[in-house]
Structures are given as structure tokens and as C-alpha cells.
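Participant: Sharing a structure with you now.
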Number of protein chains: 2
Amino acid sequence: MAQRAMTAAERVSEATEALREEKFAARRIELAEAALETLGELGFARTSLREIAQNSAFTHGVFHYYFTDKLDLICCCVRHYKAQCVTRYDEVTAAAKTRDELMEGFLGKLAATLREDASMHRLWYDLRAQALFEPAFRADIVEIDRNLEAMIWRIASRFAGLGGRKPAISPAALYALFDGLFQGALLKHFSNDADAIPDLLAEVRRLLPMIC
Amino acid sequence: MAQRAMTAAERVSEATEALREEKFAARRIELAEAALETLGELGFARTSLREIAQNSAFTHGVFHYYFTDKLDLICCCVRHYKAQCVTRYDEVTAAAKTRDELMEGFLGKLAATLREDASMHRLWYDLRAQALFEPAFRADIVEIDRNLEAMIWRIASRFAGLGGRKPAISPAALYALFDGLFQGALLKHFSNDADAIPDLLAEVRRLLPMIC
DNA sequence: ACTAAATCTTGACGATTGTCAAGGCGCAAC
DNA sequence: GTTGCGCCTTGACAATCGTCAAGATTTAGT
């Protein structure tokens with residue numbers, strides 16, 4: 001067949017094309033990360049491509065070279081955000097040998113998340129609200145929500161397992177609870193309420209042993 | 001004193017001014033209601049004053065006559081929304097004589113809310129997310145959140161009381177749970193998931209007796 | 001080293017935005 | 001009936017938006 005004749009040239013061009021695609025994807029992620037910076041600061045409604053470009057090392061034209069659309073860019077941002085977010089607690093979950101250890105590790109990570117990644121999380125809630133209006137976002141948002149639910153469930157299951165128990169409520173209810181608590185804490189946090197983090201930790205410390 | 005001298009003229013001008021102010025406030029609410037229509041359909045990010053005006057019986061200039069600002073308009077919308085929302089379940093709560101009655105009444109209202117006021121609620125979540133970015137929204141949003149928490153707590157307390165019990169978790173945790181569940185159901189609802197409402201009802205039916 | 005393709009910059013476009021000023025309409029007062 | 005004042009319409013403004021095309025620049029292939 002024709003396959004035989006071009007093994008050498010084909011192999012090379014195939015490899016270079018794969019490399020190019022990889023580079024292309026890497027660049028997209030670079031741009032998405034730069035965009036996330038500004039999006040986290042201004043929110044979806046007030047963020048323009050030009051503003052994103054100005055707060056980064058790129059010019060506004062590049063974004064249109066790598067993304068077909070503004071929605072395309074934001075979707076890429078959302079997908080990239082997910083990768084960082086979903087495995088955040090897995091290390092703690094796997095390492096903990098006792099309930100106390102898991103509890104303290106989880107609370108520590110939770111506090112750090114709220115303290116350091118607050119802007120990223122307000123963007124998450126912003127985009128999830130946008131998904132209620134913009135169908136193009138829905139699939140990605142729903143998938144991330146599913147993964148977050150699974151993440152919380154892993155923690156709770158492990159916590160219950162370390163006490164020889166099982167969680168008393170469904171994964172959906174458990175995620176709803178933690179998501180709601182976190183959202184409330186985030187709002188308090190941005191209202192300069194110093195009790196936002198302690199209150200959240202106290203609430204979780206009380207609830208987790210009750211449920212699991 | 002000078003008060004005596006102008007009783008007649010003063011009384012009239014005072015009355016007419018009060019009437020004018022009342023009319024002014026009423027008009028603001030009319031405009032806010034018209035704006036809520038469009039906001040619920042398009043969301044905060046995509047709604048312009050002109051679009052609001054076109055979907056209503058008013059022209060876009062009127063809004064600037066009655067509101068100093070776009071934020072001023074939206075704040076008025078949010079405050080008006082609150083009044084409708086916060087007392088939604090009070091009738092059911094007050095009327096119910098048994099736990100079953102309260103449960104069914106609550107579930108019925110919950111389903112009706114999700115079915116009929118879905119757009120208004122996605123706007124609520126949108127604006128609450130905006131409050132994480134825009135300080136001008138925060139005070140109103142936080143107050144509504146407090147009132148919603150109190151509303152849920154009234155229902156739960158009543159439900160617990162009808163069984164001679166008390167809710168097993170804090171008002172904040174309870175609100176977080178229901179808010180999270182409702183938010184998730186709303187997202188499923190807008191994703192054309194027919195199970196959104198039944199699943200929500202089933203979850204609440206399972207959880208409420210467990211907690212209260 | 002030369003050519004071609006990939007990558008990036010720049011500037012401009014039409015549309016839309018919030019805002020506001022100039023003016024018209026209607027009603028009440030004198 | 002005319003004057004004045006709230007109420008609203010209309011049109012225009014500067015700014016900003018997403019988008020794109022044309023050209024400069026860099027990179028890679030031979």
C-alpha cells in the first residue's frame with residue numbers, strides 16, 4: 001500500500017505535527033491561565049478580551065488566533081480550572097490514617113483554599129450562574145459539578161470508613177451542603193468578615209462526624 | 001412659631017409632595033419589575049438598559065430619569081425581588097397542622113417555585129455571584145440571604161416542633177443544604193433534565209425528617 | 001541561506017454600551 | 001389661556017465591545 005512508501009517522511013511529519021499540536025494546546029492553556037487571572041478579578045460580565053490581554057504578556061489579537069470565540073476561550077478556562085480543582089483534597093484523603101488526621105487535613109486545605117484561591121472560586125460561582133443562561137457553558141459546568149460532588153464524596157466516604165461507618169446522606173445532598181456552606185463563607189469573606197473562615201471550619205467540624 | 005402661619009398652604013404642599021414621592025417610588029417599582037423580566041431571561045451580563053426598555057412599555061430614557069445609575073436600577077430590582085421571595089412558604093408553614101401536611105405543602109410549593117419561577121431564581125444566583133465582585137450589591141444580597149436562611153429555618157423549626165423535636169443542625173447549615181440542593185436542581189432543570197424536580201423532592205423528603 | 005509556513009502585532013470595522021442633554025407633551029396653578 | 005413644572009421621548013456623545021484582515025516577525029524545513 002501507499003503506507004509503505006512514505007515511512008520516513010511520514011514518520012517525521014507525523015511527529016512534528018503532533019509536536020505542533022501539543023505546542024498549540026500548551027499555548028492555549030497559557031492564554032487560558034492569563035485569562036483566569038483577570039476573570040477572577042473582574043468577573044465574567046466585566047471582563048473583555050482587551051482587558052485580559054493588557055493584564056498579561058500577550059496582545060489581544062493572539063486570543064483570536066488561538067480561540068475561535070470568546071466563549072471558546074472561557075470554556076477552555078473552565079476546563080483548565082477543573083483540573084486544578086478536582087484533585088485538591090485527594091492527597092490529604094489518601095494520606096490520612098485516622099479520622100482526626102483526615103478532619104484536620106481537610107479543614108486545613110479548606111481554609112487554605114478559601115484564603116488563597118478566593119478569586120478563583122468566585123469566578124467558579126459566577127460561571128456556574130452563567131451556565132444557567134448560556135447553554136454553551138452547561139456541559140462543562142455540569143461535568144465539573146459532578147466531579148466536585150465525587151471529590152466531596154471520596155472525602156466523606158473515607159472519613160466514614162475510618163470509623164467503620166457509611167455516610168448518612170446521598171452524594172448529592174452532601175455536595176449541596178458543602179457547596180452551600182462554602183458559597184456562604186466566600187460571600188462573608190469578600191465582605192471582609194474575619195469570621196468567615198473560622199465559622200466555616202467550626203461548622204464543618206460539627207457536621208462531618210454527624211453525617212459520617 | 002412659624003409653623004402656625006402656613007398651616008393651609010403647607011398642609012397642601014406637604015400632602016402633594018408626599019403623593020408625588022409615593023408615585024415616584026411606585027414608578028420605580030414598575031420599572032424594576034419590567035427590568036426583572038429581561039434580567040431573568042438574559043442574565044446580568046447580557047442585559048442592557050435598551051434591551052430592558054424594548055421588552056417593556058417604556059423607553060430607555062425613563063430608566064435614567066428614575067435611576068441614577070444602572071447599578072441603582074439593579075439594586076432596586078434585587079430589593080423588590082426579595083419582598084416576593086422571602087414570604088413564599090410562610091402561608092404553608094402557618095397552615096400546616098401535622099408533619100405530613102407541612103411536608104406535602106412545602107414540597108408542593110418547592111416544585112411550583114422551581115417550575116414557574118425558574119428564571120427569577122437563576123437571576124438570583126447570577127446576582128449573588130455578581131455580589132462577590134461588585135461591592136455595591138453586597139449589602140442587599142447579604143440581607144436577602146439572611147432572610148432566606150430565616151425562612152428555611154422557620155419551616156424546619158415548625159416541622160421539628162410538630163414532632164416535638166428540634167432541628168439537628170444550625171440555621172446556616174440547613175440553609176446551605178437547601179440552597180445547594182435548589183441550585184443543583186435549577187441547573188438540571190435548565191439542562192432539560194425532566195428528573196430535576198422529582199429528584200429534588202425525593203431528596204428533601206428523605207432529608208427533612210432526618211434533620212428535624 | 002532561502003523559502004514557506006506558523007505565529008504574532010497592529011489598526012480598524014461596525015455594533016452596542018451607559019450616559020446625558022435638548023426638547024415635547026400634559027396637567028395643574030394662577 | 002397662559003405659564004410653569006413634572007414626566008417622558010428622542011437623538012446624540014464618547015467609550016468600549018468582539019471580530020477580523022493585512023502585514024510584520026519568528027520559526028522551521030531544505
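Residues in the C-alpha cells are named by chain (A, B, ... in the order shown) and by number from 1 within that chain; ligands are numbered from 1 in the order shown.
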Kindly assemble as a Markdown table a list of the chain D residues that lie within 10 Å of chain A, each paired with its nearest atom pair and their distance in Å to one decimal, using only C-alpha atoms (C1' of nucleotides), sorted first by chain and then by ascending residue number.
Facilitator:
| residue | atom | partner | partner_atom | distance |
| --- | --- | --- | --- | --- |
| D:DT16 | C1' | A:Ser48 | CA | 9.2 |
| D:DC17 | C1' | A:Ser48 | CA | 7.5 |
| D:DG18 | C1' | A:Lys70 | CA | 7.8 |
| D:DT19 | C1' | A:His64 | CA | 8.2 |
| D:DC20 | C1' | A:His64 | CA | 8.8 |
Participant: Write the residues of the selection above to a file with C-alpha atoms (C1' of nucleotides), as a PDB file, in the first residue's frame.
Facilitator:
ATOM      1  C1'  DT D  16     -15.798  50.053  24.571  1.00  0.00           C
ATOM      2  C1'  DC D  17     -17.012  45.709  22.809  1.00  0.00           C
ATOM      3  C1'  DG D  18     -15.926  41.246  19.712  1.00  0.00           C
ATOM      4  C1'  DT D  19     -14.111  40.402  15.465  1.00  0.00           C
ATOM      5  C1'  DC D  20     -11.131  40.282  11.722  1.00  0.00           C
TER       6       DC D  20
END
Participant: Show me, as JSON, numbers by chain, the residues that have an atom within 9 Å of stretch 114-131 of chain B when counting only C-alpha atoms (C1' of nucleotides), minus same-chain residues fewer than 4 positions from it.
Facilitator: {"A": [43, 44, 45, 122, 123, 125, 126, 127, 128, 129, 130, 132, 133, 187, 190], "B": [36, 37, 39, 40, 41, 42, 43, 44, 45, 78, 81, 109, 110, 135, 136, 137, 138, 139, 140, 141, 142, 145, 182, 183, 185, 186, 187, 189, 190, 197]}
Participant: Go through stretch 18-188 of chain B and collect every residue that DSSP, computed from the backbone, puts in alpha helix (DSSP H); the answer should be as a PyMOL selection string.
Facilitator: chain B and resi 18-42+49-54+60-66+70-86+90-95+99-116+118-131+135-161+171-188
Participant: Using only C-alpha atoms (C1' of nucleotides), I'd like every residue of chain A that has an atom within 9 Å of chain C; please write them out as an MDAnalysis selection string.
Facilitator: chainID A and resid 59 61:62 65
Participant: By how many Å are atom CA of A:Thr38 and atom CA of B:Cys75 apart?
Facilitator: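 So the two atoms, atom CA of A:Thr38 and atom CA of B:Cys75, lie 24.9 Å apart.
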Participant: Quick one, how far is atom CA of A:Leu162 from atom CA of A:Thr98?
Facilitator: 6.1 Å
Participant: Using only C-alpha atoms (C1' of nucleotides), which protein or nucleic acid residues come within 10 Å of A:Asp199? Drop anything in the same chain fewer than 5 positions from it, and give the result as an NGL selection string.
Facilitator: :A and (181 or 185 or 188 or 194 or 204-205)
Participant: Can you write out the residues you just picked, keeping N, CA and C atoms, as a PDB file, in the first residue's frame?
Facilitator:
ATOM      1  N   LEU A 181     -22.304  25.803  52.029  1.00  0.00           N
ATOM      2  CA  LEU A 181     -21.506  26.368  53.119  1.00  0.00           C
ATOM      3  C   LEU A 181     -20.337  27.184  52.571  1.00  0.00           C
ATOM      4  N   ALA A 185     -19.566  31.155  52.953  1.00  0.00           N
ATOM      5  CA  ALA A 185     -18.309  31.604  53.545  1.00  0.00           C
ATOM      6  C   ALA A 185     -17.576  32.554  52.600  1.00  0.00           C
ATOM      7  N   LYS A 188     -19.127  35.963  52.797  1.00  0.00           N
ATOM      8  CA  LYS A 188     -18.683  36.624  54.028  1.00  0.00           C
ATOM      9  C   LYS A 188     -17.225  37.069  53.908  1.00  0.00           C
ATOM     10  N   ALA A 194     -14.025  38.745  59.098  1.00  0.00           N
ATOM     11  CA  ALA A 194     -12.885  37.953  59.558  1.00  0.00           C
ATOM     12  C   ALA A 194     -13.319  36.584  60.081  1.00  0.00           C
ATOM     13  N   VAL A 204     -18.086  22.795  59.698  1.00  0.00           N
ATOM     14  CA  VAL A 204     -17.702  21.511  59.106  1.00  0.00           C
ATOM     15  C   VAL A 204     -17.272  20.535  60.193  1.00  0.00           C
ATOM     16  N   ARG A 205     -16.543  21.028  61.180  1.00  0.00           N
ATOM     17  CA  ARG A 205     -16.086  20.176  62.275  1.00  0.00           C
ATOM     18  C   ARG A 205     -17.279  19.565  63.023  1.00  0.00           C
TER      19      ARG A 205
END
Participant: For A:Lys82, find every residue with an atom within 10 Å (counting only C-alpha atoms (C1' of nucleotides)), except residues of its own chain fewer than 2 positions away, and show them as a ChimeraX atom specification.
Facilitator: /A:76-80,84-87,124,140-141,143-145,147-148
Participant: What does the structure give for the distance between atom CA of B:Lys166 and atom CA of A:Tyr175, in Å to one decimal?
Facilitator: 23.7 Å
